[in-house]
>>> print(open('entry.txt').read())   # compact mmCIF, C-alpha atoms
# COMPACT_ATOMS: atom_id res chain seq x y z
CA MET A 1 28.78 0.50 0.53
CA ASN A 2 27.01 3.84 0.29
CA LEU A 3 24.18 2.34 -1.76
CA LEU A 4 23.82 -0.46 0.79
CA GLY A 5 23.76 2.11 3.58
CA CYS A 6 21.03 4.11 1.84
CA LEU A 7 18.91 1.04 1.15
CA ALA A 8 19.30 -0.25 4.71
CA ALA A 9 18.35 3.16 6.12
CA LEU A 10 15.25 3.41 3.94
CA VAL A 11 14.17 -0.13 4.83
CA ALA A 12 14.77 0.62 8.52
CA MET A 13 12.58 3.70 8.41
CA ALA A 14 9.89 1.92 6.39
CA LEU A 15 9.74 -0.82 9.03
CA ALA A 16 9.73 1.78 11.80
CA TYR A 17 6.85 3.59 10.12
CA LEU A 18 4.87 0.40 9.58
CA SER A 19 5.42 -0.52 13.24
CA ALA A 20 4.05 2.79 14.51
CA ARG A 21 0.60 2.93 16.02
CA ASN A 22 -0.53 5.82 13.79
CA GLN A 23 0.67 4.46 10.42
CA ARG A 24 -1.90 4.58 7.61
CA VAL A 25 -0.81 1.76 5.29
CA LEU A 26 -1.59 -1.51 7.05
CA ALA A 27 -4.75 -2.44 8.93
CA ARG A 28 -2.63 -3.29 11.99
CA PRO A 29 0.93 -2.15 12.78
CA LEU A 30 3.75 -4.67 12.50
CA GLY A 31 4.46 -4.58 16.22
CA ARG A 32 7.51 -5.64 18.16
CA ARG A 33 9.14 -7.74 15.43
CA GLY A 34 8.89 -4.87 12.97
CA ARG A 35 10.54 -2.50 15.44
CA LEU A 36 13.31 -5.03 16.08
CA ALA A 37 13.88 -5.45 12.33
CA ALA A 38 13.99 -1.66 11.97
CA TRP A 39 16.75 -1.49 14.60
CA VAL A 40 18.68 -4.26 12.85
CA PHE A 41 18.51 -2.45 9.51
CA ALA A 42 19.51 0.83 11.17
CA VAL A 43 22.61 -0.85 12.60
CA ILE A 44 23.36 -2.29 9.15
CA ALA A 45 23.01 1.21 7.69
CA PHE A 46 25.45 2.60 10.27
CA ALA A 47 27.92 -0.22 9.61
CA ALA A 48 27.73 0.23 5.84
CA TRP A 49 28.18 3.98 6.00
CA ILE A 50 31.08 3.73 8.45
CA ALA A 51 32.73 1.08 6.25
CA GLY A 52 32.28 3.26 3.17
CA GLU A 53 33.51 6.47 4.78
CA THR A 54 35.52 7.09 7.91
CA SER A 55 33.88 6.99 11.32
CA LEU A 56 32.45 10.50 11.83
CA PRO A 57 31.38 11.18 8.22
CA GLY A 58 29.85 7.70 8.13
CA ILE A 59 27.82 8.38 11.26
CA VAL A 60 26.60 11.72 9.91
CA ALA A 61 25.72 10.19 6.53
CA ALA A 62 23.83 7.33 8.20
CA LEU A 63 21.89 9.77 10.36
CA ALA A 64 21.05 11.88 7.30
CA ALA A 65 19.83 8.81 5.39
CA LEU A 66 17.73 7.69 8.36
CA MET A 67 16.23 11.17 8.72
CA LEU A 68 15.41 11.25 5.01
CA GLY A 69 13.57 7.96 5.33
CA ALA A 70 11.76 9.07 8.47
CA VAL A 71 10.47 12.17 6.70
CA ALA A 72 9.72 10.52 3.34
CA TRP A 73 7.72 7.43 4.34
CA PRO A 74 4.66 9.22 5.77
CA TYR A 75 4.42 11.27 2.57
CA VAL A 76 4.79 8.16 0.40
CA ALA A 77 2.02 6.50 2.39
CA TRP A 78 -0.18 9.57 1.98
CA LEU A 79 0.49 9.66 -1.75
CA PHE A 80 -0.50 6.04 -2.35
CA ARG A 81 -3.62 5.99 -0.19
CA PRO A 82 -6.85 5.78 -2.15
CA ALA A 83 -8.27 9.18 -3.07
CA ALA A 84 -11.63 8.43 -1.41
CA GLU A 85 -9.90 7.83 1.93
CA ARG A 86 -7.91 11.06 1.60
CA LYS A 87 -11.08 13.04 0.88
CA ASN A 88 -12.83 11.83 4.06
CA ARG A 89 -10.18 13.26 6.39
>>> encode(input="entry.txt", output="structure tokens")
Amino acid sequence: MNLLGCLAALVAMALAYLSARNQRVLARPLGRRGRLAAWVFAVIAFAAWIAGETSLPGIVAALAALMLGAVAWPYVAWLFRPAAERKNR
């Protein structure tokens, strides 16, 4: 369950990042459906972590996994952007 919780949290934050107006990966953000899918995956992450642990440690672990994804995805996007685009900014 912990692996499922981590994967769901990372997918949730990836969708949240790709739905943001200032994301740098896609030409246009995903929009409302992407935000809704991010919420669904965040709820799945919470459910998986709570099922794997008890209630309070599961909530804390889910929040930590979501925060890790929220911090990591902008850096991953920056890392995989073409070098010419990074040099112009």
>>> closest_residue(input="entry.txt", among="A:Leu10, A:Ala20, A:Arg33, A:Asn2", to="Ile59 (chain A)", atoms="only C-alpha atoms")
A:Asn2
>>> closest_residue(input="entry.txt", among="A:Val60, A:Met1, A:Val76, A:Val25", to="Ile44 (chain A)", atoms="all atoms listed in the file")
A:Met1
>>> atom_distance(input="entry.txt", atom1="CA of Gly52 (chain A)", atom2="CA of Leu18 (chain A)")
28.3 Å
>>> atom_distance(input="entry.txt", atom1="CA of Arg24 (chain A)", atom2="CA of Ala64 (chain A)")
24.1 Å
>>> residues_around(input="entry.txt", residues="Phe46 (chain A)", least_positions_apart="5", cutoff="9 Å", atoms="all atoms listed in the file", output="list in words")
Gly5, Ala8, Ala9, Phe41, Ala51, Gly58, Ile59, Ala61, Ala62 and Leu63 of chain A
>>> decode(input="entry.txt", residues="chain A", atoms="C-alpha atoms", output="PDB file, in the first residue's frame")
ATOM      1  CA  MET A   1       0.000   0.000   0.000  1.00  0.00           C
ATOM      2  CA  ASN A   2       2.857   2.386   0.686  1.00  0.00           C
ATOM      3  CA  LEU A   3       4.178   2.032  -2.861  1.00  0.00           C
ATOM      4  CA  LEU A   4       0.690   2.692  -4.233  1.00  0.00           C
ATOM      5  CA  GLY A   5       0.408   5.745  -1.987  1.00  0.00           C
ATOM      6  CA  CYS A   6       3.745   7.106  -3.221  1.00  0.00           C
ATOM      7  CA  LEU A   7       2.880   6.529  -6.866  1.00  0.00           C
ATOM      8  CA  ALA A   8      -0.564   8.091  -6.494  1.00  0.00           C
ATOM      9  CA  ALA A   9       0.931  11.124  -4.737  1.00  0.00           C
ATOM     10  CA  LEU A  10       3.556  11.628  -7.440  1.00  0.00           C
ATOM     11  CA  VAL A  11       0.971  11.279 -10.211  1.00  0.00           C
ATOM     12  CA  ALA A  12      -1.313  13.719  -8.382  1.00  0.00           C
ATOM     13  CA  MET A  13       1.408  16.330  -8.136  1.00  0.00           C
ATOM     14  CA  ALA A  14       2.483  15.784 -11.743  1.00  0.00           C
ATOM     15  CA  LEU A  15      -1.086  16.415 -12.891  1.00  0.00           C
ATOM     16  CA  ALA A  16      -1.356  19.429 -10.599  1.00  0.00           C
ATOM     17  CA  TYR A  17       1.868  20.833 -12.046  1.00  0.00           C
ATOM     18  CA  LEU A  18       0.778  20.221 -15.629  1.00  0.00           C
ATOM     19  CA  SER A  19      -2.547  21.919 -14.876  1.00  0.00           C
ATOM     20  CA  ALA A  20      -0.890  25.065 -13.532  1.00  0.00           C
ATOM     21  CA  ARG A  21      -0.820  28.187 -15.644  1.00  0.00           C
ATOM     22  CA  ASN A  22       2.954  28.668 -15.256  1.00  0.00           C
ATOM     23  CA  GLN A  23       4.075  25.099 -16.042  1.00  0.00           C
ATOM     24  CA  ARG A  24       6.893  24.805 -18.582  1.00  0.00           C
ATOM     25  CA  VAL A  25       6.383  21.344 -20.091  1.00  0.00           C
ATOM     26  CA  LEU A  26       3.268  21.524 -22.254  1.00  0.00           C
ATOM     27  CA  ALA A  27       2.300  24.232 -24.721  1.00  0.00           C
ATOM     28  CA  ARG A  28      -1.037  24.631 -22.899  1.00  0.00           C
ATOM     29  CA  PRO A  29      -1.923  23.556 -19.351  1.00  0.00           C
ATOM     30  CA  LEU A  30      -4.203  20.562 -18.876  1.00  0.00           C
ATOM     31  CA  GLY A  31      -6.972  22.660 -17.365  1.00  0.00           C
ATOM     32  CA  ARG A  32      -9.931  21.666 -15.257  1.00  0.00           C
ATOM     33  CA  ARG A  33      -9.866  17.940 -16.026  1.00  0.00           C
ATOM     34  CA  GLY A  34      -6.213  17.733 -15.043  1.00  0.00           C
ATOM     35  CA  ARG A  35      -6.916  19.458 -11.734  1.00  0.00           C
ATOM     36  CA  LEU A  36      -9.824  17.103 -11.077  1.00  0.00           C
ATOM     37  CA  ALA A  37      -7.641  14.071 -11.850  1.00  0.00           C
ATOM     38  CA  ALA A  38      -4.972  15.466  -9.508  1.00  0.00           C
ATOM     39  CA  TRP A  39      -7.536  15.657  -6.696  1.00  0.00           C
ATOM     40  CA  VAL A  40      -8.683  12.098  -7.400  1.00  0.00           C
ATOM     41  CA  PHE A  41      -5.116  10.781  -7.245  1.00  0.00           C
ATOM     42  CA  ALA A  42      -4.463  12.765  -4.060  1.00  0.00           C
ATOM     43  CA  VAL A  43      -7.489  11.123  -2.429  1.00  0.00           C
ATOM     44  CA  ILE A  44      -6.223   7.723  -3.622  1.00  0.00           C
ATOM     45  CA  ALA A  45      -2.829   8.527  -2.074  1.00  0.00           C
ATOM     46  CA  PHE A  46      -4.474   9.421   1.245  1.00  0.00           C
ATOM     47  CA  ALA A  47      -6.584   6.248   1.177  1.00  0.00           C
ATOM     48  CA  ALA A  48      -3.589   4.050   0.368  1.00  0.00           C
ATOM     49  CA  TRP A  49      -1.415   5.571   3.072  1.00  0.00           C
ATOM     50  CA  ILE A  50      -4.165   5.366   5.680  1.00  0.00           C
ATOM     51  CA  ALA A  51      -4.830   1.735   4.725  1.00  0.00           C
ATOM     52  CA  GLY A  52      -1.125   0.916   4.973  1.00  0.00           C
ATOM     53  CA  GLU A  53      -0.558   2.702   8.271  1.00  0.00           C
ATOM     54  CA  THR A  54      -2.962   3.869  10.940  1.00  0.00           C
ATOM     55  CA  SER A  55      -4.925   7.078  10.499  1.00  0.00           C
ATOM     56  CA  LEU A  56      -2.588   9.839  11.732  1.00  0.00           C
ATOM     57  CA  PRO A  57       0.713   8.377  10.456  1.00  0.00           C
ATOM     58  CA  GLY A  58      -1.010   7.664   7.149  1.00  0.00           C
ATOM     59  CA  ILE A  59      -2.153  11.263   6.826  1.00  0.00           C
ATOM     60  CA  VAL A  60       1.312  12.586   7.651  1.00  0.00           C
ATOM     61  CA  ALA A  61       2.965  10.171   5.209  1.00  0.00           C
ATOM     62  CA  ALA A  62       0.515  11.126   2.444  1.00  0.00           C
ATOM     63  CA  LEU A  63       1.156  14.813   3.044  1.00  0.00           C
ATOM     64  CA  ALA A  64       4.918  14.217   2.964  1.00  0.00           C
ATOM     65  CA  ALA A  65       4.647  12.294  -0.325  1.00  0.00           C
ATOM     66  CA  LEU A  66       2.467  15.023  -1.842  1.00  0.00           C
ATOM     67  CA  MET A  67       4.911  17.717  -0.717  1.00  0.00           C
ATOM     68  CA  LEU A  68       7.820  15.766  -2.200  1.00  0.00           C
ATOM     69  CA  GLY A  69       6.019  15.592  -5.527  1.00  0.00           C
ATOM     70  CA  ALA A  70       5.084  19.262  -5.405  1.00  0.00           C
ATOM     71  CA  VAL A  71       8.714  20.237  -4.895  1.00  0.00           C
ATOM     72  CA  ALA A  72      10.235  17.706  -7.306  1.00  0.00           C
ATOM     73  CA  TRP A  73       8.138  18.177 -10.464  1.00  0.00           C
ATOM     74  CA  PRO A  74       9.216  21.755 -11.285  1.00  0.00           C
ATOM     75  CA  TYR A  75      12.853  20.682 -10.989  1.00  0.00           C
ATOM     76  CA  VAL A  76      12.254  17.620 -13.171  1.00  0.00           C
ATOM     77  CA  ALA A  77      10.618  19.854 -15.777  1.00  0.00           C
ATOM     78  CA  TRP A  78      13.555  22.264 -15.617  1.00  0.00           C
ATOM     79  CA  LEU A  79      16.033  19.417 -15.992  1.00  0.00           C
ATOM     80  CA  PHE A  80      14.410  17.979 -19.114  1.00  0.00           C
ATOM     81  CA  ARG A  81      13.804  21.258 -20.935  1.00  0.00           C
ATOM     82  CA  PRO A  82      16.018  21.774 -23.964  1.00  0.00           C
ATOM     83  CA  ALA A  83      19.285  23.534 -23.145  1.00  0.00           C
ATOM     84  CA  ALA A  84      18.639  26.298 -25.700  1.00  0.00           C
ATOM     85  CA  GLU A  85      15.392  27.226 -23.954  1.00  0.00           C
ATOM     86  CA  ARG A  86      17.106  27.269 -20.551  1.00  0.00           C
ATOM     87  CA  LYS A  87      19.848  29.573 -21.869  1.00  0.00           C
ATOM     88  CA  ASN A  88      17.359  32.186 -23.127  1.00  0.00           C
ATOM     89  CA  ARG A  89      15.856  32.804 -19.688  1.00  0.00           C
TER      90      ARG A  89
END
